[in-house]
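Student: Sharing my_file-v5.pdb here; it has PDB, C-alpha atoms.
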```pdb
MODEL        1
ATOM      1  CA  MET A   1       2.431 -15.795  11.435
ATOM      2  CA  ASN A   2       6.179 -15.687  12.047
ATOM      3  CA  GLU A   3       7.686 -12.660  13.766
ATOM      4  CA  GLY A   4       9.512 -11.703  10.558
ATOM      5  CA  THR A   5       6.535 -12.140   8.239
ATOM      6  CA  PRO A   6       4.820  -8.852   7.366
ATOM      7  CA  HIS A   7       1.173  -8.593   8.334
ATOM      8  CA  ILE A   8      -1.651  -7.702   5.995
ATOM      9  CA  LEU A   9      -2.707  -5.190   8.656
ATOM     10  CA  ASN A  10      -0.787  -4.725  11.889
ATOM     11  CA  ARG A  11      -3.141  -2.654  14.022
ATOM     12  CA  ASN A  12      -0.543  -2.366  16.773
ATOM     13  CA  ILE A  13       1.217   0.235  14.621
ATOM     14  CA  MET A  14      -1.759   2.624  14.799
ATOM     15  CA  ILE A  15      -2.331   1.877  18.475
ATOM     16  CA  ASP A  16       1.305   2.795  19.137
ATOM     17  CA  LEU A  17       0.928   6.015  17.120
ATOM     18  CA  ILE A  18      -2.393   7.357  18.392
ATOM     19  CA  GLY A  19      -3.513   5.085  21.211
ATOM     20  CA  ASP A  20      -6.364   2.628  21.460
ATOM     21  CA  GLU A  21      -8.931   4.709  19.575
ATOM     22  CA  PRO A  22     -10.900   2.219  17.430
ATOM     23  CA  ASP A  23     -13.080   4.808  15.660
ATOM     24  CA  LEU A  24     -10.124   7.021  14.759
ATOM     25  CA  ILE A  25      -8.049   4.031  13.649
ATOM     26  CA  ARG A  26     -10.920   2.831  11.465
ATOM     27  CA  GLN A  27     -11.157   6.257   9.829
ATOM     28  CA  PHE A  28      -7.423   6.235   9.086
ATOM     29  CA  GLU A  29      -7.778   2.746   7.573
ATOM     30  CA  ILE A  30     -10.692   3.831   5.377
ATOM     31  CA  ASP A  31      -8.794   6.942   4.284
ATOM     32  CA  PHE A  32      -5.808   4.740   3.418
ATOM     33  CA  LEU A  33      -7.999   2.466   1.285
ATOM     34  CA  LYS A  34      -9.326   5.465  -0.657
ATOM     35  CA  GLN A  35      -5.835   6.871  -1.147
ATOM     36  CA  ALA A  36      -4.433   3.476  -2.162
ATOM     37  CA  LYS A  37      -7.134   2.936  -4.776
ATOM     38  CA  VAL A  38      -6.335   6.285  -6.408
ATOM     39  CA  SER A  39      -2.566   5.732  -6.195
ATOM     40  CA  LEU A  40      -2.790   2.235  -7.641
ATOM     41  CA  GLN A  41      -4.774   3.538 -10.617
ATOM     42  CA  LYS A  42      -2.198   6.289 -11.130
ATOM     43  CA  MET A  43       0.627   3.744 -11.055
ATOM     44  CA  ALA A  44      -1.160   1.551 -13.591
ATOM     45  CA  ASP A  45      -1.599   4.566 -15.880
ATOM     46  CA  MET A  46       2.064   5.503 -15.409
ATOM     47  CA  TYR A  47       3.101   1.944 -16.222
ATOM     48  CA  ASN A  48       0.991   1.953 -19.387
ATOM     49  CA  THR A  49       2.740   5.127 -20.548
ATOM     50  CA  SER A  50       6.234   3.965 -19.435
ATOM     51  CA  ARG A  51       6.596   6.695 -16.793
ATOM     52  CA  LEU A  52       8.566   4.479 -14.414
ATOM     53  CA  TYR A  53      10.233   7.291 -12.486
ATOM     54  CA  GLU A  54       6.784   8.663 -11.618
ATOM     55  CA  ILE A  55       5.818   5.188 -10.376
ATOM     56  CA  THR A  56       8.777   5.433  -8.005
ATOM     57  CA  GLN A  57       7.449   8.710  -6.616
ATOM     58  CA  GLU A  58       3.867   7.483  -6.265
ATOM     59  CA  ALA A  59       4.993   4.246  -4.625
ATOM     60  CA  HIS A  60       7.061   6.213  -2.118
ATOM     61  CA  PHE A  61       4.102   8.487  -1.335
ATOM     62  CA  LEU A  62       1.739   5.559  -0.732
ATOM     63  CA  LYS A  63       4.360   3.579   1.193
ATOM     64  CA  THR A  64       4.457   6.304   3.836
ATOM     65  CA  SER A  65       0.712   5.956   4.445
ATOM     66  CA  ALA A  66       0.875   2.166   4.328
ATOM     67  CA  LYS A  67       3.526   2.124   7.044
ATOM     68  CA  ALA A  68       1.502   4.502   9.216
ATOM     69  CA  VAL A  69      -1.630   2.302   9.167
ATOM     70  CA  GLY A  70       0.313  -0.936   9.556
ATOM     71  CA  ALA A  71      -0.200  -2.278   6.025
ATOM     72  CA  GLU A  72       3.120  -4.097   6.179
ATOM     73  CA  GLN A  73       2.787  -6.315   3.098
ATOM     74  CA  ILE A  74       1.744  -3.389   0.921
ATOM     75  CA  SER A  75       4.550  -1.267   2.354
ATOM     76  CA  ASN A  76       7.109  -3.932   1.414
ATOM     77  CA  LEU A  77       5.687  -4.266  -2.096
ATOM     78  CA  LEU A  78       5.785  -0.504  -2.565
ATOM     79  CA  GLN A  79       9.411  -0.416  -1.397
ATOM     80  CA  ALA A  80      10.257  -3.006  -4.052
ATOM     81  CA  LEU A  81       8.245  -1.024  -6.616
ATOM     82  CA  GLU A  82      10.251   2.102  -5.801
ATOM     83  CA  ILE A  83      13.451   0.202  -6.530
ATOM     84  CA  SER A  84      12.121  -1.380  -9.728
ATOM     85  CA  GLY A  85      10.904   1.966 -11.016
ATOM     86  CA  SER A  86      14.227   3.638 -10.304
ATOM     87  CA  GLU A  87      15.985   0.794 -12.138
ATOM     88  CA  HIS A  88      13.556   1.140 -15.085
ATOM     89  CA  ASN A  89      12.645  -2.525 -14.719
ATOM     90  CA  LYS A  90       9.263  -2.439 -16.425
ATOM     91  CA  PRO A  91       8.463  -6.192 -16.146
ATOM     92  CA  GLU A  92       9.162  -6.112 -12.404
ATOM     93  CA  CYS A  93       7.057  -2.965 -12.013
ATOM     94  CA  ARG A  94       4.132  -4.713 -13.670
ATOM     95  CA  LYS A  95       4.472  -7.733 -11.393
ATOM     96  CA  LEU A  96       4.675  -5.571  -8.278
ATOM     97  CA  ILE A  97       1.711  -3.390  -9.263
ATOM     98  CA  LEU A  98      -0.382  -6.537  -9.689
ATOM     99  CA  LYS A  99       0.814  -7.925  -6.340
ATOM    100  CA  THR A 100       0.008  -4.601  -4.691
ATOM    101  CA  LYS A 101      -3.500  -4.752  -6.131
ATOM    102  CA  VAL A 102      -4.006  -8.224  -4.602
ATOM    103  CA  ALA A 103      -2.579  -7.080  -1.259
ATOM    104  CA  LEU A 104      -4.900  -4.073  -1.319
ATOM    105  CA  GLN A 105      -7.880  -6.376  -1.889
ATOM    106  CA  GLN A 106      -6.763  -8.437   1.118
ATOM    107  CA  ILE A 107      -6.449  -5.411   3.375
ATOM    108  CA  TYR A 108      -9.825  -4.166   2.156
ATOM    109  CA  GLY A 109     -11.284  -7.505   3.224
ATOM    110  CA  VAL A 110      -9.687  -7.265   6.674
ATOM    111  CA  ILE A 111     -10.904  -3.705   7.246
ATOM    112  CA  THR A 112     -14.443  -4.190   5.931
ATOM    113  CA  ASN A 113     -14.933  -7.488   7.781
ATOM    114  CA  ASP A 114     -14.175  -5.788  11.096
ATOM    115  CA  GLN A 115     -17.186  -3.472  11.006
TER     116      GLN A 115
ENDMDL
END
```
Using structure tokens, write down the structure from this file.

Tutor:
Amino acid sequence: MNEGTPHILNRNIMIDLIGDEPDLIRQFEIDFLKQAKVSLQKMADMYNTSRLYEITQEAHFLKTSAKAVGAEQISNLLQALEISGSEHNKPECRKLILKTKVALQQIYGVITNDQ
């Protein structure tokens, strides 16, 4: 992967934040997955009811957690979703929600395969 390419999961972020504590890092990753699943469902519901400003808020909330656990691709997608929501760009919001769902499935695979 190139230096500038965001990682699915950059574990160095958590190591830098809390140290080399594999069990604690794993718990943070699992907690992030649970939070992301709930947030993604909320954003889909908000999209379906054209509440784009609320998508902006939810994306910002989840982006903070994504950055903390090193979910760089998801963090970037959520940043773009924040912008699209604030611009009331519904087609772009839909596209980004779907991409976030795929990225979440990828990070789930990385985390669960490392058991």

Student: In Å, with one decimal, what is the gap from atom CA of Ile8 of chain A to atom CA of Ser50 of chain A?

Tutor: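 Going from atom CA of Ile8 of chain A over to atom CA of Ser50 of chain A, I get 29.1 Å.
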
Student: Any chance you could work out the residue set of the PyMOL selection byres ((chain A and resi 92-109) around 10) here, as a PyMOL selection string?

Tutor: chain A and resi 7-9+29-30+32-33+36-37+40-41+43-44+47-48+52+55-56+59+71-91+110-114

Student: Could you please determine the separation between atom CA of Lys42 of chain A and atom CA of Leu17 of chain A in Å, to one decimal place?

Tutor: 28.4 Å

Student: Do you have the atom CA of Asp31 of chain A-atom CA of Ile18 of chain A distance handy?

Tutor: 15.5 Å

Student: Please determine, counting only C-alpha atoms, which residue among A:Ile25, A:Val38, A:Gln57, A:Thr49 has the shortest atom-to-atom distance to Ile13 of chain A.

Tutor: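 Using only C-alpha atoms, Ile13 of chain A sits closest to A:Ile25.
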
Student: Box time for segment 14-31 of chain A: axis-aligned, enclosing all its listed atoms, 5 Å extra on each side; report centre and edge lengths in Å to one decimal, as JSON.

Tutor:
```
{"center_x": -5.9, "center_y": 4.6, "center_z": 12.9, "size_x": 24.4, "size_y": 15.5, "size_z": 27.2}
```

Student: What residues come out when you apply the PyMOL selection byres ((chain A and resi 14) around 12) to this file, written as a PyMOL selection string?

Tutor: chain A and resi 9-13+15-29+65-72
